[in-house]
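Chemist: Once you've had a glance at the structure underneath, I'll fire off some questions.
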Amino acid sequence: MRPIVVGQAVTKRFGDFVALKEIDIEVENGEVLCIIGPSGSGKSTLLRCINQLEKIDGGGLWVDGELTGYRIVGDKLHELDDNQIARQRLATGMVFQRFNLFPHMTALENVIEGPIQVLRRAPKESRDHAMELLGRVGLAHKADAYPIELSGGQQQRVAIARALAMRPRLMLFDEPTSALDPELVGEVLQVMRDLARSGMSMIVVTHELGFAREVANRVVFMDAGQIVETGAPEDILMNPRNERTQSFISAVLN
Amino acid sequence: MQSTKKDPTPSASAMPDISHYDISHYKVMPKRHYRRFIAAALIVLAIGGLLRAFANGNIEWQFVGQFLTSQAILWGLWNTVLMSILAMALGVVLGVIFAVMRMSKNPVLRYTASGYIWFFRGTPVILQLLLWFNLALVFPTIGIPGLFEARTVDVMTPFAAALLGLGINQGAYTAEVVRAGLLSVDNGQYEAAKSIGMTRIRSLRRIVLPQAMRVIIPPIGNEFISMIKMTSLASVILYSEILHNAQNIYYANARVMELLIVAGIWYIVVVTVLSIGQSRLERHFARGSRDSA
Ligand SMILES: Nc1ncnc2c1ncn2[C@@H]1O[C@H](COP(=O)(O)OP(=O)(O)OP(=O)(O)O)[C@@H](O)[C@H]1O
Ligand SMILES: [Mg+2]
């Protein structure tokens, strides 16, 4: 099976600052990849490039076998327009650190918005699928609640359901639990654990090393816009070889 | 009051004896608001005096009652309301378009929008009304060459000139109000909308504008109220709005005060109805926000 994400020499600059330096990355279909690393190392930027919330300045990114942002015609790369990029984004779902639920819509309306407005699905079918997803994240009873009436953990679970409603091939999580009170972290991680078990391809930026160790197939350590070390969770988290990885992990654990 | 003590069952001996602090046997004497009372009395006196003056003054109140529902006045009222609604609708449509253009990445769109706002905010409305109305002086015919053509004097009726003048001017102000509203919505909302595959236009329409409405509606309500009164300027280009018709009547019968009062009453009625509509609308767009309860 072809990989779900391939990045070749991905480079991203903000002005003179290089946020991603020629990153090579490959994520297998059905794989759960966790990205760890210090603040400012480019973890969010990498996810945002994969989802085309940022445009890369160099290299190439393929998602589900399709080159992102460009169409290849002969020996030329043609930039895609807004509509085509929106269509490419359908392959990925994204879960944000600060949930970003639509506050003027109920939980159910949040989940059916994409299927009805973007995928043009029938309302009945969208509603049924949405209720099933809300059930899966344990929130069927909160379908009619507005985001403000939900706890952080509940909001994040609705956000996961909203992303899943688009039936993405890949889910991106950017520190999904770091805005949550400690007692709410578990319920969100449980939903992600179930999702991983169901075979969804996932890239998860997280500081939850326990989760990474248990769920990830591979862990990537990033620092200063580069991938410093990649490997099995036990290797990276228990006996990292690189000294930057070592000092990061001991800092997180203490 | 709930106890916030950590220990849920404090033993009796641990409770201090504070019974001699008890003040429940005193009688409570409410605070006296002398100054408030005096101020209120003065205001009531002043209002009473004013009402008396108007009642005894040289105003024929039966004329006010008579003209309030006269045909010319009601026709003017209808024209005022119609023009306010149409010009405001045009203003809001233009305002949204130009606000979005002004925030576009395309510099041509951005500068066009800035230029529009600059020009129409920079000149008085009454001048713009006169410009539209007298367009025939510079362009005797208008249209698309070969497709259709018309004499400008036939097209630029007082109605058309008032609609264009008031609506386009309003658009320049509304654009700034809408832009402020769009800026008030968190960037994460645009990103969440994109992440479920929405294009920029769709995310504006479905996600960002409905949230911006909360910020946009109060100033737009304000602008709508000024618009109702601004339509009176269209009397200079012979549009038959309520003030114009009231003036025509008092030129004939010299009941100046009475007819001004008639027009004033109707303006206040319309503005009151509008304010009620505004608070309804505000409640609608407060869905899911902290003060929606
Ligand atoms: N829009 C932007 N404009 C300028 N600089 C940016 C922008 N976004 C990110 N950066 C910079 O790029 C670098 C990488 O940022 P990024 O958000 O990817 O870090 P991160 O690894 O996700 O950190 P954190 O753990 O704090 O979320 C940072 O130095 C940041 O300041
Ligand atoms: Mg980040």
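Order determines the names: the first chain of the structure tokens is A, the second B, and so forth; residues in each chain are numbered 1 upward, and ligands are numbered 1 upward as they are shown.
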Once you count only C-alpha atoms, which residues of chain A turn out to be within 6 Å of chain B? Could you give them as number ranges by chain?
Modeler: A: 83, 86, 89-90, 100, 103-104, 114, 146
Chemist: Mind listing the residues within 12 Å of ligand 1, only C-alpha atoms and all ligand atoms counted, as a CSV table (one decimal) with all heavy atoms, in the first residue's frame?
Modeler:
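Okay, this is what ended up in pocket-v8.csv:
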```csv
chain,number,residue,atom,x,y,z
A,11,THR,N,10.5,22.5,3.1
A,11,THR,CA,11.1,23.7,3.7
A,11,THR,C,10.0,24.8,3.8
A,11,THR,O,9.2,25.0,2.9
A,11,THR,CB,12.2,24.3,2.8
A,11,THR,OG1,13.2,23.2,2.6
A,11,THR,CG2,12.8,25.5,3.4
A,12,LYS,N,10.0,25.4,5.0
A,12,LYS,CA,9.0,26.5,5.2
A,12,LYS,C,9.8,27.6,5.9
A,12,LYS,O,10.5,27.5,6.9
A,12,LYS,CB,7.9,26.0,6.1
A,12,LYS,CG,6.9,27.1,6.6
A,12,LYS,CD,6.1,27.6,5.4
A,12,LYS,CE,5.4,28.9,5.7
A,12,LYS,NZ,4.7,29.4,4.6
A,13,ARG,N,9.6,28.8,5.4
A,13,ARG,CA,10.2,30.0,5.9
A,13,ARG,C,9.1,31.0,6.4
A,13,ARG,O,8.1,31.1,5.7
A,13,ARG,CB,11.1,30.7,4.9
A,13,ARG,CG,12.4,30.0,4.6
A,13,ARG,CD,13.3,30.8,3.7
A,13,ARG,NE,14.1,29.9,2.9
A,13,ARG,CZ,13.7,29.5,1.6
A,13,ARG,NH1,12.6,30.0,1.1
A,13,ARG,NH2,14.4,28.6,1.0
A,14,PHE,N,9.4,31.7,7.4
A,14,PHE,CA,8.6,32.9,7.8
A,14,PHE,C,9.6,34.1,7.7
A,14,PHE,O,10.4,34.3,8.6
A,14,PHE,CB,8.0,32.8,9.2
A,14,PHE,CG,7.0,31.7,9.3
A,14,PHE,CD1,7.3,30.5,10.0
A,14,PHE,CD2,5.7,31.8,8.8
A,14,PHE,CE1,6.4,29.5,10.2
A,14,PHE,CE2,4.8,30.8,8.9
A,14,PHE,CZ,5.1,29.6,9.6
A,15,GLY,N,9.5,34.8,6.6
A,15,GLY,CA,10.5,35.9,6.4
A,15,GLY,C,11.9,35.2,6.3
A,15,GLY,O,12.0,34.3,5.5
A,16,ASP,N,12.8,35.6,7.1
A,16,ASP,CA,14.1,35.1,7.0
A,16,ASP,C,14.3,33.8,7.9
A,16,ASP,O,15.2,33.1,7.7
A,16,ASP,CB,15.2,36.1,7.5
A,16,ASP,CG,15.3,37.2,6.6
A,16,ASP,OD1,15.0,37.0,5.4
A,16,ASP,OD2,15.8,38.3,7.0
A,17,PHE,N,13.3,33.6,8.7
A,17,PHE,CA,13.4,32.5,9.7
A,17,PHE,C,13.0,31.2,9.0
A,17,PHE,O,11.9,31.2,8.4
A,17,PHE,CB,12.5,32.8,10.9
A,17,PHE,CG,12.4,31.7,11.9
A,17,PHE,CD1,13.5,31.6,12.8
A,17,PHE,CD2,11.3,30.9,12.0
A,17,PHE,CE1,13.4,30.5,13.7
A,17,PHE,CE2,11.3,29.9,12.9
A,17,PHE,CZ,12.4,29.7,13.8
A,18,VAL,N,13.8,30.2,9.2
A,18,VAL,CA,13.5,28.9,8.5
A,18,VAL,C,12.8,28.0,9.6
A,18,VAL,O,13.5,27.6,10.5
A,18,VAL,CB,14.8,28.2,8.0
A,18,VAL,CG1,14.4,27.0,7.2
A,18,VAL,CG2,15.5,29.2,7.1
A,19,ALA,N,11.5,27.8,9.4
A,19,ALA,CA,10.8,27.0,10.4
A,19,ALA,C,10.9,25.5,10.2
A,19,ALA,O,10.9,24.7,11.1
A,19,ALA,CB,9.3,27.4,10.4
A,20,LEU,N,11.0,25.1,8.9
A,20,LEU,CA,11.2,23.7,8.6
A,20,LEU,C,12.4,23.6,7.6
A,20,LEU,O,12.4,24.3,6.6
A,20,LEU,CB,10.0,23.1,7.9
A,20,LEU,CG,8.7,23.0,8.8
A,20,LEU,CD1,7.6,22.4,7.9
A,20,LEU,CD2,8.9,22.2,10.0
A,21,LYS,N,13.4,22.8,7.9
A,21,LYS,CA,14.6,22.7,7.1
A,21,LYS,C,14.6,21.4,6.4
A,21,LYS,O,15.0,20.4,7.0
A,21,LYS,CB,15.8,22.9,8.0
A,21,LYS,CG,16.0,24.3,8.5
A,21,LYS,CD,17.2,24.4,9.4
A,21,LYS,CE,17.1,25.6,10.2
A,21,LYS,NZ,17.8,25.5,11.5
A,35,ILE,N,4.7,13.1,17.0
A,35,ILE,CA,5.8,14.0,16.9
A,35,ILE,C,6.0,14.7,18.2
A,35,ILE,O,5.0,15.2,18.8
A,35,ILE,CB,5.5,15.1,15.8
A,35,ILE,CG1,5.2,14.4,14.5
A,35,ILE,CG2,6.6,16.1,15.7
A,35,ILE,CD1,4.9,15.4,13.4
A,36,ILE,N,7.2,14.7,18.7
A,36,ILE,CA,7.5,15.4,20.0
A,36,ILE,C,8.7,16.3,19.7
A,36,ILE,O,9.3,16.2,18.7
A,36,ILE,CB,7.9,14.4,21.1
A,36,ILE,CG1,9.1,13.6,20.7
A,36,ILE,CG2,6.7,13.5,21.5
A,36,ILE,CD1,9.7,12.7,21.9
A,37,GLY,N,8.8,17.2,20.6
A,37,GLY,CA,9.9,18.2,20.5
A,37,GLY,C,9.7,19.5,21.2
A,37,GLY,O,8.5,19.7,21.6
A,38,PRO,N,10.7,20.3,21.5
A,38,PRO,CA,10.5,21.5,22.2
A,38,PRO,C,9.7,22.5,21.5
A,38,PRO,O,9.5,22.5,20.3
A,38,PRO,CB,12.0,22.0,22.5
A,38,PRO,CG,12.8,21.3,21.4
A,38,PRO,CD,12.1,20.0,21.1
A,39,SER,N,9.2,23.5,22.3
A,39,SER,CA,8.4,24.6,21.7
A,39,SER,C,9.2,25.3,20.6
A,39,SER,O,10.4,25.6,20.8
A,39,SER,CB,8.0,25.6,22.9
A,39,SER,OG,7.2,26.6,22.4
A,40,GLY,N,8.5,25.6,19.6
A,40,GLY,CA,9.2,26.4,18.5
A,40,GLY,C,10.0,25.5,17.5
A,40,GLY,O,10.6,26.0,16.6
A,41,SER,N,9.9,24.2,17.7
A,41,SER,CA,10.7,23.3,16.9
A,41,SER,C,10.1,23.1,15.5
A,41,SER,O,10.8,22.5,14.6
A,41,SER,CB,11.0,22.0,17.6
A,41,SER,OG,9.7,21.4,17.9
A,42,GLY,N,8.9,23.5,15.3
A,42,GLY,CA,8.2,23.4,14.0
A,42,GLY,C,7.2,22.3,13.8
A,42,GLY,O,6.8,22.0,12.7
A,43,LYS,N,6.8,21.7,15.0
A,43,LYS,CA,5.8,20.6,14.9
A,43,LYS,C,4.5,21.1,14.3
A,43,LYS,O,4.0,20.4,13.4
A,43,LYS,CB,5.6,20.1,16.4
A,43,LYS,CG,6.9,19.7,17.1
A,43,LYS,CD,6.6,19.2,18.5
A,43,LYS,CE,5.9,20.2,19.4
A,43,LYS,NZ,6.7,21.3,19.8
A,44,SER,N,4.0,22.2,14.9
A,44,SER,CA,2.7,22.7,14.3
A,44,SER,C,2.8,23.0,12.9
A,44,SER,O,2.0,22.8,12.1
A,44,SER,CB,2.2,23.9,15.1
A,44,SER,OG,2.0,23.6,16.5
A,45,THR,N,3.9,23.7,12.6
A,45,THR,CA,4.1,24.1,11.2
A,45,THR,C,4.1,22.9,10.2
A,45,THR,O,3.5,23.0,9.2
A,45,THR,CB,5.5,24.9,11.1
A,45,THR,OG1,5.5,25.9,12.0
A,45,THR,CG2,5.7,25.5,9.7
A,46,LEU,N,4.7,21.8,10.6
A,46,LEU,CA,4.7,20.7,9.8
A,46,LEU,C,3.3,20.2,9.5
A,46,LEU,O,2.9,19.9,8.4
A,46,LEU,CB,5.6,19.6,10.4
A,46,LEU,CG,5.7,18.3,9.6
A,46,LEU,CD1,6.2,18.5,8.2
A,46,LEU,CD2,6.5,17.2,10.3
A,47,LEU,N,2.5,20.1,10.6
A,47,LEU,CA,1.1,19.6,10.4
A,47,LEU,C,0.4,20.6,9.5
A,47,LEU,O,-0.4,20.2,8.7
A,47,LEU,CB,0.4,19.6,11.8
A,47,LEU,CG,0.7,18.4,12.8
A,47,LEU,CD1,-0.4,18.4,13.8
A,47,LEU,CD2,0.8,17.1,12.0
A,48,ARG,N,0.6,21.9,9.8
A,48,ARG,CA,-0.2,22.9,9.0
A,48,ARG,C,0.2,22.9,7.5
A,48,ARG,O,-0.6,23.2,6.7
A,48,ARG,CB,0.1,24.3,9.6
A,48,ARG,CG,-0.6,24.4,11.0
A,48,ARG,CD,0.0,25.6,11.8
A,48,ARG,NE,-0.3,26.8,11.0
A,48,ARG,CZ,-1.5,27.4,11.0
A,48,ARG,NH1,-2.5,27.0,11.8
A,48,ARG,NH2,-1.7,28.5,10.3
A,49,CYS,N,1.5,22.5,7.2
A,49,CYS,CA,1.9,22.4,5.8
A,49,CYS,C,1.2,21.1,5.2
A,49,CYS,O,0.8,21.2,4.1
A,49,CYS,CB,3.4,22.2,5.7
A,49,CYS,SG,4.3,23.7,6.1
A,53,LEU,N,-2.6,24.6,5.4
A,53,LEU,CA,-2.9,25.9,6.1
A,53,LEU,C,-1.7,26.8,5.9
A,53,LEU,O,-1.8,28.0,6.0
A,53,LEU,CB,-3.2,25.7,7.6
A,53,LEU,CG,-4.5,24.9,7.9
A,53,LEU,CD1,-4.7,24.7,9.4
A,53,LEU,CD2,-5.7,25.7,7.3
A,54,GLU,N,-0.5,26.2,5.7
A,54,GLU,CA,0.7,27.0,5.3
A,54,GLU,C,1.1,26.4,3.9
A,54,GLU,O,1.0,25.3,3.7
A,54,GLU,CB,1.8,26.8,6.3
A,54,GLU,CG,1.4,27.2,7.7
A,54,GLU,CD,1.4,28.7,8.0
A,54,GLU,OE1,1.7,29.5,7.1
A,54,GLU,OE2,1.1,29.1,9.1
A,55,LYS,N,1.7,27.3,3.2
A,55,LYS,CA,2.2,26.9,1.8
A,55,LYS,C,3.7,26.7,2.0
A,55,LYS,O,4.4,27.6,2.6
A,55,LYS,CB,2.0,28.1,0.9
A,55,LYS,CG,2.1,27.8,-0.6
A,55,LYS,CD,1.4,28.9,-1.4
A,55,LYS,CE,1.6,28.7,-2.9
A,55,LYS,NZ,3.0,29.0,-3.3
A,96,PHE,N,-7.5,20.8,16.5
A,96,PHE,CA,-6.6,21.9,17.0
A,96,PHE,C,-6.5,21.9,18.5
A,96,PHE,O,-7.3,21.4,19.2
A,96,PHE,CB,-7.2,23.3,16.6
A,96,PHE,CG,-7.4,23.4,15.1
A,96,PHE,CD1,-8.6,23.0,14.5
A,96,PHE,CD2,-6.4,24.0,14.3
A,96,PHE,CE1,-8.7,23.1,13.1
A,96,PHE,CE2,-6.6,24.1,13.0
A,96,PHE,CZ,-7.7,23.7,12.3
A,97,GLN,N,-5.4,22.5,19.0
A,97,GLN,CA,-5.1,22.7,20.4
A,97,GLN,C,-6.3,23.4,21.1
A,97,GLN,O,-6.7,22.9,22.1
A,97,GLN,CB,-3.8,23.4,20.6
A,97,GLN,CG,-3.4,23.6,22.0
A,97,GLN,CD,-2.0,24.2,22.1
A,97,GLN,OE1,-1.4,24.5,21.1
A,97,GLN,NE2,-1.6,24.5,23.3
A,98,ARG,N,-6.8,24.4,20.4
A,98,ARG,CA,-7.9,25.2,21.1
A,98,ARG,C,-9.2,24.9,20.5
A,98,ARG,O,-10.1,25.7,20.5
A,98,ARG,CB,-7.5,26.7,21.0
A,98,ARG,CG,-6.4,27.0,22.1
A,98,ARG,CD,-6.0,28.5,22.0
A,98,ARG,NE,-7.1,29.4,22.0
A,98,ARG,CZ,-7.4,30.2,21.0
A,98,ARG,NH1,-6.7,30.1,19.9
A,98,ARG,NH2,-8.4,31.0,21.1
A,173,PHE,N,-3.4,15.8,14.6
A,173,PHE,CA,-3.8,16.3,15.9
A,173,PHE,C,-2.6,17.2,16.4
A,173,PHE,O,-1.5,16.8,16.5
A,173,PHE,CB,-3.9,15.2,16.9
A,173,PHE,CG,-5.1,14.2,16.7
A,173,PHE,CD1,-4.9,13.2,15.8
A,173,PHE,CD2,-6.3,14.4,17.4
A,173,PHE,CE1,-6.0,12.3,15.6
A,173,PHE,CE2,-7.3,13.6,17.2
A,173,PHE,CZ,-7.2,12.5,16.3
A,174,ASP,N,-3.0,18.5,16.7
A,174,ASP,CA,-1.9,19.4,17.1
A,174,ASP,C,-2.1,19.7,18.6
A,174,ASP,O,-2.9,20.5,19.0
A,174,ASP,CB,-2.0,20.7,16.4
A,174,ASP,CG,-0.7,21.6,16.6
A,174,ASP,OD1,0.1,21.1,17.5
A,174,ASP,OD2,-0.7,22.7,16.1
A,175,GLU,N,-1.4,18.9,19.4
A,175,GLU,CA,-1.5,19.0,20.9
A,175,GLU,C,-2.9,19.1,21.4
A,175,GLU,O,-3.4,20.1,22.0
A,175,GLU,CB,-0.7,20.3,21.4
A,175,GLU,CG,0.7,20.3,21.0
A,175,GLU,CD,1.6,21.3,21.8
A,175,GLU,OE1,1.3,21.4,23.0
A,175,GLU,OE2,2.5,21.9,21.2
A,176,PRO,N,-3.7,18.0,21.1
A,176,PRO,CA,-5.1,18.1,21.3
A,176,PRO,C,-5.5,18.1,22.8
A,176,PRO,O,-6.6,18.5,23.1
A,176,PRO,CB,-5.6,16.8,20.7
A,176,PRO,CG,-4.4,15.9,20.7
A,176,PRO,CD,-3.2,16.8,20.5
A,178,SER,N,-3.4,19.7,25.3
A,178,SER,CA,-2.6,20.6,26.1
A,178,SER,C,-3.3,21.8,26.6
A,178,SER,O,-2.9,22.6,27.4
A,178,SER,CB,-1.3,21.0,25.4
A,178,SER,OG,-1.5,21.4,24.2
A,179,ALA,N,-4.6,22.1,26.0
A,179,ALA,CA,-5.4,23.2,26.6
A,179,ALA,C,-6.4,22.7,27.6
A,179,ALA,O,-7.2,23.4,28.1
A,179,ALA,CB,-6.1,23.9,25.5
A,204,VAL,N,0.2,12.8,15.3
A,204,VAL,CA,-0.2,13.4,16.6
A,204,VAL,C,1.0,14.2,17.2
A,204,VAL,O,2.0,13.6,17.5
A,204,VAL,CB,-0.6,12.4,17.6
A,204,VAL,CG1,-1.1,13.0,18.9
A,204,VAL,CG2,-1.7,11.4,17.0
A,205,VAL,N,0.9,15.5,17.3
A,205,VAL,CA,1.9,16.3,18.0
A,205,VAL,C,1.4,16.3,19.5
A,205,VAL,O,0.3,16.6,19.8
A,205,VAL,CB,1.9,17.7,17.5
A,205,VAL,CG1,2.8,18.6,18.4
A,205,VAL,CG2,2.4,17.8,16.1
A,206,THR,N,2.3,15.8,20.4
A,206,THR,CA,1.8,15.7,21.7
A,206,THR,C,3.0,15.8,22.7
A,206,THR,O,4.1,15.5,22.4
A,206,THR,CB,1.1,14.3,21.9
A,206,THR,OG1,0.5,14.3,23.3
A,206,THR,CG2,2.0,13.1,21.7
A,207,HIS,N,2.6,16.2,23.9
A,207,HIS,CA,3.6,16.1,25.0
A,207,HIS,C,3.3,14.9,25.9
A,207,HIS,O,3.9,14.8,27.0
A,207,HIS,CB,3.6,17.4,25.8
A,207,HIS,CG,4.1,18.6,25.1
A,207,HIS,ND1,5.4,18.6,24.5
A,207,HIS,CD2,3.6,19.8,24.7
A,207,HIS,CE1,5.6,19.7,23.9
A,207,HIS,NE2,4.5,20.4,24.0
A,221,PHE,N,11.3,12.9,16.8
A,221,PHE,CA,11.7,14.0,17.6
A,221,PHE,C,12.2,15.1,16.7
A,221,PHE,O,13.1,14.9,15.9
A,221,PHE,CB,12.8,13.5,18.6
A,221,PHE,CG,13.3,14.7,19.4
A,221,PHE,CD1,12.6,15.3,20.4
A,221,PHE,CD2,14.6,15.2,19.1
A,221,PHE,CE1,13.1,16.4,21.1
A,221,PHE,CE2,15.1,16.3,19.8
A,221,PHE,CZ,14.3,16.9,20.8
A,222,MET,N,11.6,16.3,16.9
A,222,MET,CA,12.0,17.4,16.1
A,222,MET,C,12.6,18.5,17.0
A,222,MET,O,12.3,18.7,18.1
A,222,MET,CB,10.7,18.1,15.5
A,222,MET,CG,10.2,17.4,14.2
A,222,MET,SD,8.8,18.3,13.5
A,222,MET,CE,9.6,19.7,12.8
A,223,ASP,N,13.6,19.2,16.4
A,223,ASP,CA,14.2,20.3,17.0
A,223,ASP,C,14.7,21.3,16.0
A,223,ASP,O,15.3,20.9,15.0
A,223,ASP,CB,15.4,19.8,17.9
A,223,ASP,CG,15.8,20.9,18.9
A,223,ASP,OD1,15.1,21.9,19.1
A,223,ASP,OD2,17.0,20.8,19.4
A,224,ALA,N,14.5,22.6,16.2
A,224,ALA,CA,14.9,23.6,15.3
A,224,ALA,C,14.6,23.4,13.9
A,224,ALA,O,15.5,23.5,13.0
A,224,ALA,CB,16.4,23.8,15.5
A,225,GLY,N,13.4,22.9,13.6
A,225,GLY,CA,13.0,22.8,12.2
A,225,GLY,C,13.5,21.6,11.5
A,225,GLY,O,13.3,21.4,10.3
A,226,GLN,N,14.1,20.6,12.3
A,226,GLN,CA,14.6,19.4,11.7
A,226,GLN,C,14.1,18.2,12.4
A,226,GLN,O,13.8,18.3,13.6
A,226,GLN,CB,16.1,19.4,11.6
A,226,GLN,CG,16.7,20.4,10.6
A,226,GLN,CD,18.1,20.5,10.8
A,226,GLN,OE1,18.7,20.7,11.9
A,226,GLN,NE2,18.8,20.4,9.7
A,227,ILE,N,14.0,17.1,11.7
A,227,ILE,CA,13.8,15.8,12.4
A,227,ILE,C,15.1,15.3,12.9
A,227,ILE,O,16.0,15.0,12.1
A,227,ILE,CB,13.1,14.8,11.4
A,227,ILE,CG1,11.6,15.3,11.1
A,227,ILE,CG2,13.0,13.4,12.1
A,227,ILE,CD1,10.8,14.4,10.3
B,187,ASN,N,-9.0,33.8,14.3
B,187,ASN,CA,-8.4,33.2,13.2
B,187,ASN,C,-8.6,31.7,13.1
B,187,ASN,O,-8.7,31.1,12.1
B,187,ASN,CB,-6.9,33.6,13.1
B,187,ASN,CG,-6.3,33.4,11.8
B,187,ASN,OD1,-7.0,33.7,10.8
B,187,ASN,ND2,-5.1,32.9,11.7
```
Chemist: For Gln156 in chain A, please output as a ChimeraX atom specification all residues within 12 Å (counting only C-alpha atoms; exclusion window: fewer than 3 positions along the same chain).
Modeler: /A:94-102,107,110,134,137-139,147,150-153,159-163,173-180,184-192
Chemist: Which value, in Å to one decimal, gives the distance between CA of Leu170 in chain A and CA of Met202 in chain A?
Modeler: 5.7 Å
Chemist: For Gly231 in chain A, list every protein, DNA or RNA residue within 7 Å, evaluated using only C-alpha atoms, and leave out those in the same chain fewer than 5 positions away; present the list as a PyMOL selection string.
Modeler: chain A and resi 218-220+236
Chemist: Tell me, as a PyMOL selection string, which residues lie within 12 Å of Gly91 in chain B, counting only C-alpha atoms; anything in the same chain fewer than 3 positions away does not count.
Modeler: chain B and resi 83-88+94-99+117+120+163-178+220+223-224+227
Chemist: How far is it from CA of Ala145 in chain A to CA of Gly199 in chain A, in Å with one decimal?
Modeler: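 Straight-line distance from CA of Ala145 in chain A to CA of Gly199 in chain A works out to 29.7 Å.
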